[in-house]
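Source file structure.cif; content: mmCIF, N, CA, C and O atoms.
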data_protein
#
loop_
_atom_site.label_atom_id
_atom_site.label_comp_id
_atom_site.auth_asym_id
_atom_site.auth_seq_id
_atom_site.Cartn_x
_atom_site.Cartn_y
_atom_site.Cartn_z
N MET Q 30 -52.18 0.58 22.12
CA MET Q 30 -50.87 0.59 22.75
C MET Q 30 -49.82 1.00 21.71
O MET Q 30 -49.90 0.61 20.55
N HIS Q 31 -48.84 1.78 22.13
CA HIS Q 31 -47.79 2.25 21.24
C HIS Q 31 -46.59 1.31 21.34
O HIS Q 31 -45.80 1.40 22.27
N ARG Q 32 -46.45 0.45 20.39
CA ARG Q 32 -45.32 -0.48 20.41
C ARG Q 32 -44.24 0.02 19.46
O ARG Q 32 -44.51 0.31 18.31
N GLN Q 33 -43.05 0.14 19.99
CA GLN Q 33 -41.92 0.56 19.17
C GLN Q 33 -41.04 -0.64 18.90
O GLN Q 33 -40.89 -1.51 19.76
N GLN Q 34 -40.45 -0.67 17.72
CA GLN Q 34 -39.54 -1.75 17.40
C GLN Q 34 -38.21 -1.48 18.08
O GLN Q 34 -37.74 -0.34 18.15
N VAL Q 35 -37.61 -2.54 18.60
CA VAL Q 35 -36.29 -2.42 19.22
C VAL Q 35 -35.25 -2.45 18.10
O VAL Q 35 -35.31 -3.33 17.23
N PRO Q 36 -34.31 -1.51 18.10
CA PRO Q 36 -33.29 -1.50 17.05
C PRO Q 36 -32.37 -2.72 17.17
O PRO Q 36 -32.32 -3.36 18.23
N PRO Q 37 -31.62 -3.04 16.11
CA PRO Q 37 -30.68 -4.15 16.18
C PRO Q 37 -29.72 -3.96 17.37
O PRO Q 37 -29.35 -2.84 17.71
N LEU Q 38 -29.32 -5.06 18.00
CA LEU Q 38 -28.51 -5.02 19.21
C LEU Q 38 -27.21 -4.24 19.02
O LEU Q 38 -26.83 -3.43 19.87
N ALA Q 39 -26.53 -4.44 17.91
CA ALA Q 39 -25.26 -3.74 17.67
C ALA Q 39 -25.48 -2.22 17.64
O ALA Q 39 -24.69 -1.45 18.21
N GLU Q 40 -26.55 -1.78 17.01
CA GLU Q 40 -26.85 -0.35 16.92
C GLU Q 40 -27.23 0.20 18.30
O GLU Q 40 -26.79 1.28 18.71
N LEU Q 41 -28.01 -0.56 19.05
CA LEU Q 41 -28.41 -0.14 20.38
C LEU Q 41 -27.20 0.01 21.30
O LEU Q 41 -27.08 0.99 22.03
N LYS Q 42 -26.28 -0.94 21.25
CA LYS Q 42 -25.07 -0.86 22.08
C LYS Q 42 -24.23 0.36 21.72
O LYS Q 42 -23.72 1.05 22.59
N LYS Q 43 -24.11 0.65 20.43
CA LYS Q 43 -23.33 1.80 19.98
C LYS Q 43 -23.94 3.11 20.49
O LYS Q 43 -23.25 3.98 21.01
N VAL Q 44 -25.25 3.22 20.39
CA VAL Q 44 -25.93 4.44 20.82
C VAL Q 44 -25.85 4.60 22.34
O VAL Q 44 -25.62 5.69 22.84
N LEU Q 45 -26.03 3.50 23.08
CA LEU Q 45 -25.97 3.59 24.53
C LEU Q 45 -24.57 3.98 25.03
O LEU Q 45 -24.44 4.73 25.98
N ARG Q 46 -23.53 3.49 24.37
CA ARG Q 46 -22.16 3.83 24.78
C ARG Q 46 -21.85 5.31 24.59
O ARG Q 46 -21.01 5.87 25.28
N THR Q 47 -22.54 5.96 23.65
CA THR Q 47 -22.29 7.38 23.39
C THR Q 47 -23.40 8.27 23.96
O THR Q 47 -23.56 9.40 23.54
N SER Q 48 -24.14 7.75 24.91
CA SER Q 48 -25.26 8.47 25.52
C SER Q 48 -24.83 9.81 26.09
O SER Q 48 -23.79 9.94 26.73
N LYS Q 49 -25.65 10.84 25.87
CA LYS Q 49 -25.37 12.17 26.39
C LYS Q 49 -26.14 12.44 27.69
O LYS Q 49 -25.63 13.09 28.59
N ALA Q 50 -27.37 11.96 27.78
CA ALA Q 50 -28.19 12.23 28.96
C ALA Q 50 -27.65 11.51 30.19
O ALA Q 50 -27.64 12.07 31.29
N ARG Q 51 -27.24 10.30 30.05
CA ARG Q 51 -26.65 9.50 31.13
C ARG Q 51 -25.31 8.98 30.62
O ARG Q 51 -25.29 8.11 29.75
N ARG Q 52 -24.20 9.50 31.13
CA ARG Q 52 -22.88 9.11 30.65
C ARG Q 52 -22.60 7.64 30.96
O ARG Q 52 -22.80 7.17 32.08
N PHE Q 53 -22.15 6.91 29.95
CA PHE Q 53 -21.83 5.49 30.07
C PHE Q 53 -20.59 5.32 30.94
O PHE Q 53 -19.61 6.03 30.78
N VAL Q 54 -20.61 4.36 31.89
CA VAL Q 54 -19.50 4.12 32.80
C VAL Q 54 -18.83 2.78 32.52
O VAL Q 54 -17.62 2.71 32.34
N ASP Q 55 -19.61 1.69 32.48
CA ASP Q 55 -19.03 0.35 32.34
C ASP Q 55 -20.06 -0.59 31.72
O ASP Q 55 -21.25 -0.45 31.96
N SER Q 56 -19.59 -1.58 30.95
CA SER Q 56 -20.51 -2.49 30.27
C SER Q 56 -20.58 -3.88 30.88
O SER Q 56 -21.38 -4.69 30.46
N SER Q 57 -19.76 -4.17 31.84
CA SER Q 57 -19.77 -5.53 32.37
C SER Q 57 -19.45 -5.54 33.87
O SER Q 57 -18.68 -6.36 34.34
N ARG Q 58 -20.07 -4.67 34.60
CA ARG Q 58 -19.83 -4.58 36.04
C ARG Q 58 -20.72 -5.60 36.76
O ARG Q 58 -21.90 -5.72 36.47
N VAL Q 59 -20.14 -6.32 37.71
CA VAL Q 59 -20.90 -7.30 38.48
C VAL Q 59 -21.56 -6.57 39.65
O VAL Q 59 -20.89 -5.88 40.42
N ILE Q 60 -22.88 -6.71 39.74
CA ILE Q 60 -23.68 -6.02 40.76
C ILE Q 60 -24.51 -7.06 41.51
O ILE Q 60 -25.03 -7.99 40.91
N ASN Q 61 -24.65 -6.90 42.82
CA ASN Q 61 -25.57 -7.74 43.58
C ASN Q 61 -26.97 -7.18 43.40
O ASN Q 61 -27.25 -6.06 43.80
N SER Q 62 -27.85 -7.97 42.81
CA SER Q 62 -29.19 -7.52 42.47
C SER Q 62 -30.17 -7.69 43.62
O SER Q 62 -30.43 -8.80 44.07
N ALA Q 63 -30.75 -6.60 44.09
CA ALA Q 63 -31.77 -6.66 45.13
C ALA Q 63 -33.04 -7.30 44.57
O ALA Q 63 -33.76 -7.99 45.29
N ILE Q 64 -33.31 -7.10 43.29
CA ILE Q 64 -34.51 -7.68 42.67
C ILE Q 64 -34.40 -9.19 42.60
O ILE Q 64 -35.31 -9.91 42.99
N LYS Q 65 -33.26 -9.70 42.11
CA LYS Q 65 -33.07 -11.15 42.04
C LYS Q 65 -33.10 -11.77 43.44
O LYS Q 65 -33.61 -12.85 43.63
N THR Q 66 -32.54 -11.09 44.42
CA THR Q 66 -32.52 -11.59 45.80
C THR Q 66 -33.95 -11.67 46.33
O THR Q 66 -34.36 -12.67 46.90
N ARG Q 67 -34.73 -10.61 46.13
CA ARG Q 67 -36.11 -10.56 46.62
C ARG Q 67 -36.95 -11.65 45.95
O ARG Q 67 -37.74 -12.32 46.60
N ASN Q 68 -36.78 -11.85 44.64
CA ASN Q 68 -37.55 -12.85 43.92
C ASN Q 68 -37.16 -14.27 44.30
O ASN Q 68 -37.98 -15.18 44.23
N ALA Q 69 -35.92 -14.48 44.71
CA ALA Q 69 -35.46 -15.81 45.10
C ALA Q 69 -35.88 -16.13 46.53
O ALA Q 69 -35.87 -17.29 46.94
N GLY Q 70 -36.21 -15.10 47.32
CA GLY Q 70 -36.67 -15.30 48.68
C GLY Q 70 -35.57 -15.64 49.68
O GLY Q 70 -35.84 -16.22 50.71
N ASP Q 71 -34.34 -15.29 49.36
CA ASP Q 71 -33.25 -15.54 50.32
C ASP Q 71 -32.49 -14.24 50.59
O ASP Q 71 -32.76 -13.22 49.99
N ASP Q 72 -31.56 -14.30 51.52
CA ASP Q 72 -30.81 -13.09 51.89
C ASP Q 72 -29.50 -12.93 51.13
O ASP Q 72 -28.83 -11.92 51.28
N GLN Q 73 -29.12 -13.93 50.35
CA GLN Q 73 -27.87 -13.82 49.60
C GLN Q 73 -28.08 -13.03 48.33
O GLN Q 73 -29.08 -13.20 47.64
N GLY Q 74 -27.13 -12.16 48.00
CA GLY Q 74 -27.21 -11.38 46.78
C GLY Q 74 -27.00 -12.26 45.56
O GLY Q 74 -26.23 -13.22 45.58
N LYS Q 75 -27.71 -11.97 44.51
CA LYS Q 75 -27.54 -12.66 43.25
C LYS Q 75 -26.74 -11.76 42.33
O LYS Q 75 -27.18 -10.66 42.01
N ALA Q 76 -25.56 -12.19 41.93
CA ALA Q 76 -24.69 -11.37 41.09
C ALA Q 76 -25.15 -11.40 39.64
O ALA Q 76 -25.44 -12.47 39.11
N VAL Q 77 -25.25 -10.25 39.04
CA VAL Q 77 -25.61 -10.12 37.62
C VAL Q 77 -24.66 -9.12 36.98
O VAL Q 77 -24.13 -8.23 37.64
N ARG Q 78 -24.43 -9.27 35.69
CA ARG Q 78 -23.60 -8.32 34.95
C ARG Q 78 -24.52 -7.25 34.37
O ARG Q 78 -25.54 -7.55 33.76
N CYS Q 79 -24.16 -5.99 34.57
CA CYS Q 79 -25.00 -4.87 34.16
C CYS Q 79 -24.20 -3.82 33.40
O CYS Q 79 -23.00 -3.67 33.59
N TRP Q 80 -24.91 -3.07 32.58
CA TRP Q 80 -24.35 -1.85 32.01
C TRP Q 80 -24.61 -0.77 33.04
O TRP Q 80 -25.69 -0.69 33.62
N VAL Q 81 -23.61 0.08 33.29
CA VAL Q 81 -23.73 1.09 34.33
C VAL Q 81 -23.61 2.47 33.68
O VAL Q 81 -22.73 2.72 32.86
N PHE Q 82 -24.52 3.37 34.09
CA PHE Q 82 -24.55 4.76 33.62
C PHE Q 82 -24.52 5.67 34.82
O PHE Q 82 -24.95 5.30 35.91
N GLU Q 83 -24.02 6.90 34.63
CA GLU Q 83 -24.03 7.89 35.69
C GLU Q 83 -25.46 8.23 36.07
O GLU Q 83 -26.35 8.26 35.23
N LEU Q 84 -25.66 8.52 37.34
CA LEU Q 84 -26.95 8.96 37.82
C LEU Q 84 -27.16 10.40 37.37
O LEU Q 84 -26.28 11.24 37.57
N GLY Q 85 -28.28 10.67 36.73
CA GLY Q 85 -28.56 12.02 36.27
C GLY Q 85 -29.00 12.91 37.41
O GLY Q 85 -29.53 12.45 38.40
N GLY Q 86 -28.76 14.18 37.27
CA GLY Q 86 -29.13 15.07 38.38
C GLY Q 86 -29.69 16.32 37.96
O GLY Q 86 -30.19 17.02 37.43
#
Rendering of file as structure tokens:
Amino acid sequence: MHRQQVPPLAELKKVLRTSKARRFVDSSRVINSAIKTRNAGDDQGKAVRCWVFELGG
């Protein structure tokens, strides 16, 4: 298995904010997670804070 080391968090955040392939939009947007809702087994959305990037095309 090819395991890569994860860079330090500060460096990772800096690189992600300047991403060229997927333009960075927001770092603390509240999103209703379909995954968390499905795993909890209820119909209410579970709010999570996410980093948001543009959809590539």
| request: Find the residues around segment 31-48 of chain Q up to 8 Å (only N, CA, C and O atoms counted), leave out those fewer than 4 positions away in its own chain, and share them as a PyMOL selection string. | output: chain Q and resi 52-54+81-82
For the residues in that selection, give me N, CA, C and O atoms as an mmCIF file, in the coordinates of the input.
data_model
loop_
_atom_site.group_PDB
_atom_site.id
_atom_site.type_symbol
_atom_site.label_atom_id
_atom_site.label_comp_id
_atom_site.auth_asym_id
_atom_site.auth_seq_id
_atom_site.Cartn_x
_atom_site.Cartn_y
_atom_site.Cartn_z
ATOM 1 N N ARG Q 52 -24.200 9.500 31.130
ATOM 2 C CA ARG Q 52 -22.880 9.110 30.650
ATOM 3 C C ARG Q 52 -22.600 7.640 30.960
ATOM 4 O O ARG Q 52 -22.800 7.170 32.080
ATOM 5 N N PHE Q 53 -22.150 6.910 29.950
ATOM 6 C CA PHE Q 53 -21.830 5.490 30.070
ATOM 7 C C PHE Q 53 -20.590 5.320 30.940
ATOM 8 O O PHE Q 53 -19.610 6.030 30.780
ATOM 9 N N VAL Q 54 -20.610 4.360 31.890
ATOM 10 C CA VAL Q 54 -19.500 4.120 32.800
ATOM 11 C C VAL Q 54 -18.830 2.780 32.520
ATOM 12 O O VAL Q 54 -17.620 2.710 32.340
ATOM 13 N N VAL Q 81 -23.610 0.080 33.290
ATOM 14 C CA VAL Q 81 -23.730 1.090 34.330
ATOM 15 C C VAL Q 81 -23.610 2.470 33.680
ATOM 16 O O VAL Q 81 -22.730 2.720 32.860
ATOM 17 N N PHE Q 82 -24.520 3.370 34.090
ATOM 18 C CA PHE Q 82 -24.550 4.760 33.620
ATOM 19 C C PHE Q 82 -24.520 5.670 34.820
ATOM 20 O O PHE Q 82 -24.950 5.300 35.910
#
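With atom CA of Ser57 of chain Q on one side and atom CA of Ala76 of chain Q on the other, the separation reads 11.6 Å.
Picture a line from atom N of Ile64 of chain Q to atom C of Lys49 of chain Q; it runs 26.0 Å.
Computed from the coordinates, the atom C of Leu84 of chain Q to atom O of Arg51 of chain Q distance equals 8.2 Å.
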| Could you name the residues that touch Trp80 of chain Q at 6 Å or less, counting only N, CA, C and O atoms, but leaving out those on the same chain fewer than 5 positions away, as a PyMOL selection string? | chain Q and resi 55-58
Return the padded bounding box of segment 73-84 of chain Q as JSON: axis-aligned, built from all atoms listed in the file, 5 Å added on each side, with centre and edge lengths in Å to one decimal.
{"center_x": -25.9, "center_y": -1.3, "center_z": 41.2, "size_x": 16.4, "size_y": 35.2, "size_z": 28.3}
